[in-house]
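**Q** Just so it is clear, I am handing over final-v8.txt, which has compact mmCIF, C-alpha atoms.
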```
# COMPACT_ATOMS: atom_id res chain seq x y z
CA MET A 103 71.37 -31.18 -42.79
CA VAL A 104 71.50 -34.21 -40.54
CA GLN A 105 74.85 -33.84 -38.91
CA LYS A 106 74.92 -36.70 -36.51
CA SER A 107 77.13 -39.02 -38.51
CA ALA A 108 79.73 -36.47 -39.61
CA GLN A 109 83.20 -37.09 -38.28
CA PRO A 110 85.94 -34.52 -37.68
CA SER A 111 89.03 -35.14 -39.76
CA GLN A 112 91.32 -34.33 -36.84
CA LYS A 113 90.22 -34.66 -33.26
CA PRO A 114 92.30 -33.14 -30.55
CA ALA A 115 94.39 -35.85 -28.98
CA PRO A 116 92.36 -37.41 -26.16
CA ASN A 117 93.55 -35.97 -22.89
CA SER A 118 92.87 -38.13 -19.92
CA THR A 119 92.66 -35.40 -17.32
CA ARG A 120 89.30 -34.14 -16.24
CA ARG A 121 90.61 -30.62 -16.22
CA SER A 122 91.43 -30.44 -19.90
CA GLU A 123 88.11 -32.10 -20.71
CA ARG A 124 86.44 -29.33 -18.74
CA SER A 125 88.49 -26.71 -20.60
CA ARG A 126 87.58 -28.16 -23.95
CA ARG A 127 83.90 -28.11 -23.07
CA ALA A 128 84.20 -24.50 -21.86
CA ILE A 129 85.95 -23.54 -25.11
CA TYR A 130 83.20 -25.16 -27.22
CA ASP A 131 80.49 -23.43 -25.22
CA ALA A 132 82.26 -20.08 -25.45
CA ALA A 133 82.81 -20.43 -29.20
CA LEU A 134 79.16 -21.30 -29.90
CA ALA A 135 77.88 -18.53 -27.62
CA LEU A 136 80.15 -15.90 -29.15
CA VAL A 137 79.40 -16.70 -32.74
CA SER A 138 75.69 -16.56 -31.90
CA GLU A 139 76.02 -13.21 -30.18
CA VAL A 140 78.48 -11.27 -32.32
CA GLY A 141 78.68 -13.27 -35.56
CA TYR A 142 81.58 -15.15 -37.10
CA PRO A 143 83.75 -12.17 -38.18
CA LYS A 144 83.89 -10.69 -34.67
CA THR A 145 84.49 -14.02 -32.94
CA THR A 146 88.20 -14.29 -32.09
CA ILE A 147 90.43 -16.85 -30.40
CA GLU A 148 91.14 -14.19 -27.74
CA GLY A 149 87.42 -13.69 -27.14
CA ILE A 150 86.77 -17.43 -26.90
CA ALA A 151 89.69 -17.83 -24.48
CA ALA A 152 88.51 -14.96 -22.26
CA ARG A 153 84.97 -16.28 -22.13
CA ALA A 154 86.07 -19.85 -21.49
CA GLY A 155 88.48 -18.75 -18.76
CA VAL A 156 91.53 -20.34 -20.42
CA GLY A 157 94.71 -18.92 -21.90
CA LYS A 158 94.66 -18.42 -25.64
CA GLN A 159 97.74 -20.68 -25.92
CA THR A 160 95.51 -23.51 -24.67
CA ILE A 161 93.29 -22.99 -27.70
CA TYR A 162 96.19 -22.66 -30.14
CA ARG A 163 97.70 -25.87 -28.76
CA TRP A 164 94.60 -27.82 -29.82
CA TRP A 165 93.29 -25.96 -32.87
CA PRO A 166 95.02 -24.02 -35.66
CA SER A 167 92.19 -21.50 -36.23
CA LYS A 168 88.81 -20.31 -35.01
CA ALA A 169 87.17 -22.14 -37.91
CA ASP A 170 88.56 -25.41 -36.53
CA VAL A 171 87.34 -24.63 -33.01
CA LEU A 172 83.87 -23.88 -34.29
CA LEU A 173 83.76 -26.91 -36.52
CA GLU A 174 84.55 -29.20 -33.57
CA ALA A 175 82.22 -27.30 -31.27
CA PHE A 176 79.49 -28.04 -33.78
CA LEU A 177 80.35 -31.69 -34.06
CA ASP A 178 80.39 -31.89 -30.29
CA LEU A 179 76.95 -30.26 -30.12
CA SER A 180 75.62 -32.95 -32.43
CA GLU A 181 77.29 -35.69 -30.39
CA GLN A 182 75.81 -34.29 -27.18
CA ALA A 183 72.37 -34.31 -28.78
CA SER A 184 72.86 -37.96 -29.76
CA GLU A 185 74.04 -38.88 -26.27
CA LEU A 186 71.08 -37.12 -24.73
CA ALA A 187 68.76 -38.98 -27.07
CA ALA A 188 70.45 -42.25 -26.12
CA LYS A 189 69.96 -41.52 -22.41
CA GLU A 190 66.29 -40.91 -23.15
CA GLY A 191 66.15 -44.40 -24.61
CA GLN A 192 66.26 -43.47 -28.28
CA GLU A 193 68.25 -45.57 -30.71
CA PRO A 194 71.45 -43.97 -32.06
CA PHE A 195 70.89 -42.21 -35.38
CA GLU A 196 71.24 -44.29 -38.50
CA PHE A 197 69.73 -43.48 -41.84
CA PRO A 198 66.90 -46.01 -41.96
CA ASP A 199 66.52 -48.52 -44.76
CA THR A 200 63.19 -50.22 -44.10
CA GLY A 201 62.51 -50.83 -47.79
CA ASP A 202 59.95 -47.98 -47.78
CA LEU A 203 61.91 -45.10 -49.31
CA ALA A 204 59.26 -42.42 -48.76
CA ALA A 205 58.88 -43.33 -45.09
CA ASP A 206 62.65 -43.39 -44.55
CA LEU A 207 63.19 -40.00 -46.20
CA LYS A 208 60.32 -38.45 -44.23
CA PHE A 209 61.73 -39.86 -40.98
CA VAL A 210 65.12 -38.23 -41.55
CA LEU A 211 63.74 -34.94 -42.85
CA ARG A 212 61.40 -34.68 -39.85
CA ALA A 213 64.43 -35.12 -37.57
CA THR A 214 66.15 -32.34 -39.51
CA VAL A 215 63.12 -30.09 -38.98
CA ASP A 216 63.46 -30.72 -35.22
CA GLU A 217 67.16 -29.92 -35.40
CA LEU A 218 66.65 -26.70 -37.37
CA LEU A 219 64.04 -25.53 -34.87
CA ASN A 220 66.24 -26.34 -31.87
CA PRO A 221 67.20 -23.00 -30.28
CA ARG A 222 70.64 -24.22 -29.14
CA PHE A 223 71.49 -25.12 -32.68
CA GLU A 224 69.87 -22.22 -34.49
CA ALA A 225 71.93 -19.13 -33.61
CA PRO A 226 75.42 -20.59 -34.19
CA SER A 227 74.23 -22.42 -37.32
CA ARG A 228 72.83 -19.23 -38.78
CA ALA A 229 75.96 -17.24 -37.93
CA LEU A 230 78.15 -19.79 -39.67
CA ALA A 231 75.82 -20.27 -42.63
CA ALA A 232 75.71 -16.49 -43.13
CA GLU A 233 79.49 -16.28 -43.11
CA GLY A 234 79.71 -19.18 -45.56
CA VAL A 235 77.57 -17.24 -48.07
CA VAL A 236 80.18 -14.47 -48.38
CA ASN A 237 83.30 -16.45 -47.39
CA GLU A 238 83.65 -19.28 -49.87
CA GLN A 239 86.66 -20.77 -48.11
CA LEU A 240 84.89 -21.12 -44.76
CA GLY A 241 81.72 -22.26 -46.51
CA ALA A 242 83.66 -24.98 -48.30
CA VAL A 243 85.16 -26.29 -45.04
CA PHE A 244 81.79 -26.53 -43.35
CA VAL A 245 80.22 -28.13 -46.39
CA SER A 246 82.96 -30.74 -46.73
CA LYS A 247 83.19 -31.54 -43.01
CA LEU A 248 79.56 -31.25 -41.91
CA LEU A 249 76.99 -30.93 -44.68
CA GLU A 250 78.35 -33.18 -47.42
CA PRO A 251 78.86 -36.22 -45.14
CA SER A 252 75.18 -35.97 -44.21
CA LEU A 253 74.14 -35.62 -47.83
CA GLN A 254 76.16 -38.74 -48.66
CA LEU A 255 73.84 -40.71 -46.37
CA TYR A 256 70.96 -39.73 -48.67
CA VAL A 257 73.09 -40.79 -51.65
CA GLN A 258 73.58 -44.23 -50.08
CA ARG A 259 69.88 -44.60 -49.31
CA LEU A 260 68.91 -43.58 -52.85
CA ARG A 261 71.45 -46.03 -54.32
CA SER A 262 69.93 -48.77 -52.20
CA ALA A 263 66.50 -47.73 -53.55
CA GLN A 264 67.89 -47.99 -57.08
CA ASP A 265 69.08 -51.53 -56.31
CA GLN A 266 65.58 -52.30 -55.05
CA GLY A 267 64.01 -50.84 -58.22
CA ALA A 268 62.32 -48.04 -56.26
CA VAL A 269 64.28 -45.26 -57.99
CA ARG A 270 64.96 -45.08 -61.73
CA PRO A 271 68.47 -46.34 -62.53
CA GLU A 272 69.46 -43.29 -64.62
CA ILE A 273 68.85 -40.85 -61.72
CA ASP A 274 71.95 -39.20 -60.18
CA PRO A 275 71.35 -39.59 -56.42
CA ARG A 276 73.56 -36.60 -55.53
CA ILE A 277 71.28 -34.30 -57.50
CA ALA A 278 68.05 -36.13 -56.63
CA LEU A 279 68.46 -35.60 -52.89
CA GLU A 280 68.45 -31.84 -53.45
CA LEU A 281 64.78 -31.99 -54.48
CA PHE A 282 63.79 -32.47 -50.83
CA VAL A 283 66.85 -31.31 -48.88
CA SER A 284 67.34 -27.93 -50.61
CA PRO A 285 63.78 -26.59 -50.26
CA LEU A 286 63.97 -27.17 -46.51
CA ALA A 287 67.42 -25.54 -46.42
CA GLN A 288 66.29 -22.50 -48.40
CA ARG A 289 63.19 -21.94 -46.23
CA TRP A 290 65.40 -22.09 -43.17
CA LEU A 291 68.21 -19.94 -44.58
CA GLN A 292 66.14 -17.27 -46.29
CA HIS A 293 62.93 -17.29 -44.24
CA THR A 294 60.97 -17.92 -47.43
CA GLY A 295 58.32 -20.02 -45.69
CA PRO A 296 57.46 -22.06 -42.60
CA ILE A 297 58.99 -25.49 -42.05
CA SER A 298 57.05 -28.42 -40.63
CA TYR A 299 56.64 -32.20 -40.81
CA GLU A 300 53.76 -31.78 -43.26
CA TYR A 301 55.92 -29.62 -45.51
CA VAL A 302 58.81 -32.10 -45.75
CA ASP A 303 56.39 -35.00 -46.26
CA THR A 304 54.94 -33.10 -49.24
CA LEU A 305 58.41 -32.51 -50.68
CA VAL A 306 59.19 -36.22 -50.55
CA ASP A 307 55.90 -37.15 -52.21
CA TYR A 308 56.36 -34.59 -54.99
CA ALA A 309 59.98 -35.57 -55.59
CA LEU A 310 59.33 -39.30 -55.71
CA HIS A 311 56.23 -39.19 -57.87
CA GLY A 312 56.84 -36.06 -59.96
CA LEU A 313 54.59 -33.16 -60.76
CA THR A 314 53.19 -34.49 -64.03
CA PRO A 315 50.25 -36.91 -64.17
CA ARG A 316 51.06 -40.63 -64.12
CA MET B 48 65.59 -15.83 -58.27
CA VAL B 49 64.50 -14.06 -61.45
CA GLN B 50 64.09 -10.53 -60.26
CA LYS B 51 63.15 -8.67 -63.39
CA SER B 52 59.43 -8.39 -62.80
CA ALA B 53 59.56 -7.40 -59.14
CA GLN B 54 58.24 -3.93 -58.41
CA PRO B 55 59.23 -1.65 -55.51
CA SER B 56 56.33 -0.78 -53.26
CA GLN B 57 57.40 2.85 -53.07
CA LYS B 58 59.52 4.50 -55.69
CA PRO B 59 61.08 7.86 -54.98
CA ALA B 60 58.96 10.54 -56.59
CA PRO B 61 60.22 11.03 -60.13
CA ASN B 62 62.41 14.09 -60.21
CA SER B 63 62.69 15.75 -63.57
CA THR B 64 66.12 17.26 -63.15
CA ARG B 65 69.11 15.55 -64.60
CA ARG B 66 71.08 16.37 -61.50
CA SER B 67 68.89 14.43 -59.09
CA GLU B 68 68.78 11.52 -61.52
CA ARG B 69 72.58 11.57 -61.50
CA SER B 70 72.59 11.68 -57.70
CA ARG B 71 70.21 8.78 -57.47
CA ARG B 72 72.35 6.69 -59.77
CA ALA B 73 75.48 7.60 -57.76
CA ILE B 74 73.70 6.59 -54.54
CA TYR B 75 72.68 3.22 -55.97
CA ASP B 76 76.20 2.55 -57.23
CA ALA B 77 77.71 3.56 -53.89
CA ALA B 78 75.26 1.39 -51.93
CA LEU B 79 75.93 -1.70 -54.07
CA ALA B 80 79.69 -1.16 -54.00
CA LEU B 81 79.79 -0.66 -50.23
CA VAL B 82 77.68 -3.66 -49.33
CA SER B 83 79.90 -5.78 -51.59
CA GLU B 84 83.08 -4.49 -50.01
CA VAL B 85 82.27 -4.22 -46.31
CA GLY B 86 79.05 -6.22 -45.92
CA TYR B 87 75.59 -5.09 -44.89
CA PRO B 88 76.22 -4.35 -41.19
CA LYS B 89 79.04 -1.90 -41.90
CA THR B 90 77.25 -0.16 -44.75
CA THR B 91 75.82 3.13 -43.45
CA ILE B 92 73.82 5.99 -44.92
CA GLU B 93 76.80 8.23 -44.11
CA GLY B 94 79.16 5.93 -45.99
CA ILE B 95 76.87 5.76 -49.01
CA ALA B 96 76.49 9.56 -49.02
CA ALA B 97 80.25 10.13 -48.80
CA ARG B 98 80.99 7.70 -51.61
CA ALA B 99 78.20 9.06 -53.81
CA GLY B 100 79.34 12.64 -53.19
CA VAL B 101 75.94 13.76 -51.87
CA GLY B 102 74.77 15.04 -48.51
CA LYS B 103 73.20 12.40 -46.25
CA GLN B 104 70.03 14.51 -46.09
CA THR B 105 69.64 13.86 -49.81
CA ILE B 106 69.45 10.16 -49.05
CA TYR B 107 67.12 10.57 -46.07
CA ARG B 108 64.80 12.72 -48.20
CA TRP B 109 64.24 9.82 -50.58
CA TRP B 110 64.61 6.71 -48.43
CA PRO B 111 63.81 5.99 -44.78
CA SER B 112 66.64 3.46 -44.24
CA LYS B 113 69.66 1.79 -45.78
CA ALA B 114 67.56 -1.33 -46.40
CA ASP B 115 65.27 0.75 -48.63
CA VAL B 116 68.20 2.25 -50.54
CA LEU B 117 69.65 -1.21 -51.15
CA LEU B 118 66.34 -2.68 -52.16
CA GLU B 119 65.86 -0.02 -54.82
CA ALA B 120 69.48 -0.19 -55.91
CA PHE B 121 68.87 -3.87 -56.54
CA LEU B 122 65.66 -3.29 -58.46
CA ASP B 123 67.47 -0.67 -60.49
CA LEU B 124 70.29 -3.10 -61.24
CA SER B 125 67.72 -5.57 -62.62
CA GLU B 126 66.06 -2.83 -64.67
CA GLN B 127 69.41 -1.77 -66.11
CA ALA B 128 70.10 -5.38 -67.11
CA SER B 129 66.70 -5.54 -68.84
CA GLU B 130 67.32 -2.24 -70.65
CA LEU B 131 70.72 -3.41 -71.79
CA ALA B 132 69.18 -6.64 -73.06
CA ALA B 133 66.50 -4.62 -74.92
CA LYS B 134 69.19 -2.47 -76.56
CA GLU B 135 70.89 -5.66 -77.70
CA GLY B 136 67.65 -6.61 -79.40
CA GLN B 137 66.40 -9.11 -76.83
CA GLU B 138 62.70 -9.25 -75.99
CA PRO B 139 61.75 -7.94 -72.52
CA PHE B 140 61.59 -10.69 -69.92
CA GLU B 141 58.31 -12.50 -69.53
CA PHE B 142 57.88 -15.93 -68.02
CA PRO B 143 57.27 -17.98 -71.17
CA ASP B 144 54.16 -20.10 -71.65
CA THR B 145 54.76 -22.01 -74.87
CA GLY B 146 52.73 -25.01 -73.76
CA ASP B 147 55.95 -26.96 -73.12
CA LEU B 148 56.37 -26.71 -69.34
CA ALA B 149 59.80 -28.35 -69.16
CA ALA B 150 61.21 -26.07 -71.87
CA ASP B 151 59.74 -22.95 -70.24
CA LEU B 152 61.12 -23.81 -66.79
CA LYS B 153 64.54 -24.61 -68.22
CA PHE B 154 64.56 -21.30 -70.12
CA VAL B 155 63.92 -19.29 -66.96
CA LEU B 156 66.27 -21.30 -64.76
CA ARG B 157 69.07 -20.96 -67.32
CA ALA B 158 68.55 -17.18 -67.24
CA THR B 159 68.80 -17.36 -63.44
CA VAL B 160 72.09 -19.28 -63.74
CA ASP B 161 73.42 -16.43 -65.92
CA GLU B 162 72.24 -13.88 -63.38
CA LEU B 163 73.78 -15.73 -60.42
CA LEU B 164 77.10 -15.96 -62.25
CA ASN B 165 77.07 -12.26 -63.23
CA PRO B 166 79.90 -10.60 -61.26
CA ARG B 167 78.05 -7.26 -60.88
CA PHE B 168 75.18 -9.05 -59.24
CA GLU B 169 77.09 -11.58 -57.17
CA ALA B 170 78.85 -9.58 -54.45
CA PRO B 171 75.92 -7.38 -53.35
CA SER B 172 73.52 -10.33 -53.59
CA ARG B 173 75.71 -12.46 -51.39
CA ALA B 174 76.18 -9.67 -48.85
CA LEU B 175 72.43 -9.18 -48.57
CA ALA B 176 71.61 -12.89 -48.57
CA ALA B 177 74.15 -13.45 -45.79
CA GLU B 178 72.62 -10.69 -43.69
CA GLY B 179 69.14 -12.10 -44.30
CA VAL B 180 70.22 -15.45 -42.80
CA VAL B 181 70.90 -13.85 -39.40
CA ASN B 182 68.57 -10.83 -39.65
CA GLU B 183 65.07 -12.17 -40.13
CA GLN B 184 63.53 -8.71 -40.51
CA LEU B 185 65.82 -7.71 -43.38
CA GLY B 186 65.51 -11.17 -44.90
CA ALA B 187 61.73 -10.88 -44.84
CA VAL B 188 61.79 -7.52 -46.63
CA PHE B 189 64.01 -8.81 -49.40
CA VAL B 190 61.98 -11.98 -49.75
CA SER B 191 58.67 -10.13 -49.95
CA LYS B 192 59.89 -7.39 -52.28
CA LEU B 193 62.31 -9.27 -54.52
CA LEU B 194 62.28 -13.04 -54.21
CA GLU B 195 58.61 -13.88 -53.65
CA PRO B 196 57.32 -11.81 -56.63
CA SER B 197 59.66 -13.85 -58.85
CA LEU B 198 58.51 -17.10 -57.29
CA GLN B 199 54.90 -16.12 -57.94
CA LEU B 200 55.70 -16.15 -61.67
CA TYR B 201 56.51 -19.85 -61.31
CA VAL B 202 53.24 -20.31 -59.41
CA GLN B 203 51.33 -18.77 -62.31
CA ARG B 204 53.12 -20.91 -64.88
CA LEU B 205 52.48 -24.07 -62.87
CA ARG B 206 48.78 -23.14 -62.49
CA SER B 207 48.57 -22.71 -66.23
CA ALA B 208 50.18 -26.15 -66.59
CA GLN B 209 47.53 -27.56 -64.24
CA ASP B 210 44.81 -26.04 -66.46
CA GLN B 211 46.48 -27.70 -69.45
CA GLY B 212 46.63 -31.05 -67.62
CA ALA B 213 50.45 -31.06 -67.57
CA VAL B 214 50.69 -30.91 -63.77
CA ARG B 215 48.59 -33.00 -61.38
CA PRO B 216 45.68 -30.93 -60.02
CA GLU B 217 46.37 -31.76 -56.35
CA ILE B 218 49.91 -30.30 -56.47
CA ASP B 219 50.52 -27.05 -54.53
CA PRO B 220 52.44 -24.88 -57.03
CA ARG B 221 54.08 -22.78 -54.30
CA ILE B 222 55.76 -25.88 -52.89
CA ALA B 223 56.33 -27.56 -56.27
CA LEU B 224 58.48 -24.71 -57.60
CA GLU B 225 60.92 -25.25 -54.75
CA LEU B 226 61.93 -28.62 -56.21
CA PHE B 227 63.92 -26.82 -58.94
CA VAL B 228 64.39 -23.30 -57.56
CA SER B 229 65.74 -24.25 -54.12
CA PRO B 230 68.49 -26.65 -55.21
CA LEU B 231 69.93 -23.92 -57.43
CA ALA B 232 69.61 -21.40 -54.58
CA GLN B 233 71.31 -23.70 -52.07
CA ARG B 234 74.24 -24.49 -54.39
CA TRP B 235 74.72 -20.76 -54.94
CA LEU B 236 74.27 -19.77 -51.28
CA GLN B 237 76.26 -22.55 -49.65
CA HIS B 238 78.75 -23.47 -52.35
CA THR B 239 77.53 -27.07 -52.18
CA GLY B 240 78.10 -27.72 -55.87
CA PRO B 241 78.61 -26.16 -59.30
CA ILE B 242 75.70 -24.54 -61.14
CA SER B 243 75.19 -24.88 -64.89
CA TYR B 244 72.52 -25.15 -67.59
CA GLU B 245 72.86 -28.94 -67.54
CA TYR B 246 72.28 -29.01 -63.79
CA VAL B 247 69.06 -26.97 -63.88
CA ASP B 248 67.78 -28.99 -66.83
CA THR B 249 68.28 -32.14 -64.76
CA LEU B 250 66.40 -30.63 -61.81
CA VAL B 251 63.42 -29.83 -64.02
CA ASP B 252 63.37 -33.33 -65.51
CA TYR B 253 63.59 -35.00 -62.09
CA ALA B 254 60.92 -32.75 -60.59
CA LEU B 255 58.43 -33.17 -63.41
CA HIS B 256 58.80 -36.92 -63.83
CA GLY B 257 59.73 -38.00 -60.30
CA LEU B 258 62.44 -40.28 -59.05
CA THR B 259 60.42 -43.51 -59.02
CA PRO B 260 59.90 -45.65 -62.13
CA ARG B 261 56.84 -44.90 -64.30
```
Mind turning the file's structure into structure tokens?
**A**
Amino acid sequence: MVQKSAQPSQKPAPNSTRRSERSRRAIYDAALALVSEVGYPKTTIEGIAARAGVGKQTIYRWWPSKADVLLEAFLDLSEQASELAAKEGQEPFEFPDTGDLAADLKFVLRATVDELLNPRFEAPSRALAAEGVVNEQLGAVFVSKLLEPSLQLYVQRLRSAQDQGAVRPEIDPRIALELFVSPLAQRWLQHTGPISYEYVDTLVDYALHGLTPR
Amino acid sequence: MVQKSAQPSQKPAPNSTRRSERSRRAIYDAALALVSEVGYPKTTIEGIAARAGVGKQTIYRWWPSKADVLLEAFLDLSEQASELAAKEGQEPFEFPDTGDLAADLKFVLRATVDELLNPRFEAPSRALAAEGVVNEQLGAVFVSKLLEPSLQLYVQRLRSAQDQGAVRPEIDPRIALELFVSPLAQRWLQHTGPISYEYVDTLVDYALHGLTPR
């Protein structure tokens, strides 16, 4: 769920004029606002263009489809959040590897809790997640471009823990990470329970040490 | 995700005539078909009535809203599946308690894999799950009536395991069950990976024994 390190596969060619930068920002804002307000199916390139105050050809010149616009709008939202954090003196996001696996996982999951509870992020994320449930093609694009790259950071951290002897060598890290990432995702997606720092800390402790007595 | 033991809070009053039983079945079928085809927002009482060949007053007499119709159509679908299984000589579903926690959890999760991959179940489930992501009120109804009662069966089984000394006494069963239930749910909801018997078996083993060396 941490999306800060995901990279778009194709960025629009950098345009040096201020005006097109302003247009791009307006298009991102319009796309995120529309998908929050009317949902993914009713969000159209025409609607985004009208709201952003640009011609729809401007959008088609940069992006082949609304899915691509939204994907980049999302990546941009994450980048903006990182830049804001940097301005506030925070270090840029990197998946920590302090040698204390539990602490590192809790740190990242707590940041994800903050992100999931961020109102700017919530409405467009929900609209896109909902569409992904019934639209496998769109879901697959967002998973491969946004979610999976974040999950791979957990894979790397768990592999490092295996090298350090902190995780059993026979464990598949890609499945293991789901023991703490998926419960948080399901609570958020399906409203099955509250999410909090204490909750994700508990997930990490249960996953690392198991439910059976030692 | 196992929905067989969930009970509706208000069943329509049993009507002894064959005709109204036939109408009710037609309404359920129409509701499930429509939500699969056009999604939850575009499914209306009028549309269900037209497709079922009944007057919309017939529907309003039995159910206050489309959410209630769909909820009962879903419960009915689960009951039909149980009846079919019984006819085929299978025992009615009960969460097993053989004393072997891992085996019991794997048994139930494998049944859930079958259910999630059942084409009759998939389209309406996805349509409703997608709506629940963006419509907290609807999501909450489906969670409280359908999902949470199933999850409580895991809670009971884990409590029994705690009494038997097979699960650590300080574990919260309501959180613990998410370590194997939520990964399966997220893969199904978000298309983040394939689901199979082998996968759920692995989740149970990881959750029970933990990721760290023993």
**Q** Pick out the residues sitting within 12 Å of region 99-104 of chain B, and hand them over as a ChimeraX atom specification; count all atoms listed in the file, and ignore anything fewer than 4 positions along from it in its own chain.
**A** /B:66-67,69-81,91-95,108-113
**Q** Counting all atoms listed in the file, figure out which residue out of B:Glu126, B:Glu141, B:Glu119, B:Glu178 gets nearest to chain A.
**A**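 For chain A, the nearest of the given residues is B:Glu178.
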**Q** Hey, what's within 8 Å of Leu255 (chain B) if we count all atoms listed in the file and toss same-chain stuff fewer than 5 positions away? As a ChimeraX atom specification, please?
**A** /A:312-314 /B:149
**Q** Only residues of chain B matter here; which ones have an atom within 7 Å of chain A, counting all atoms listed in the file? Give them as a PyMOL selection string.
**A** chain B and resi 173-174+177-181+183+186-187+190+213-215+218+225-227+229-230+233+236-239+254-260
**Q** So what do you get for CA of Ala150 (chain B) versus CA of Leu253 (chain A), distance-wise?
**A** 28.9 Å
**Q** So how many Å separate CA of Lys208 (chain A) and CA of Tyr256 (chain A), to one decimal?
**A** 11.6 Å
**Q** Measure the distance from CA of Pro196 (chain B) to CA of Thr214 (chain A) in Å and round it to one decimal.
**A**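 Here the two named atoms are 28.2 Å from each other.
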**Q** Box for region 175-194 of chain B: with edges along x, y and z, all listed atoms inside and 5 Å added on each side, what are the centre and edge lengths in Å to one decimal, as AutoDock Vina command-line options?
**A**
```
--center_x 66.4 --center_y -11.4 --center_z -47.0 --size_x 25.5 --size_y 18.1 --size_z 25.1
```
**Q** For Gln211 (chain B), which residue among B:Asp147, B:Thr90, B:Glu135, B:Glu84 is the nearest when counting only C-alpha atoms?
**A**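 For Gln211 (chain B), the nearest of the candidates is B:Asp147.
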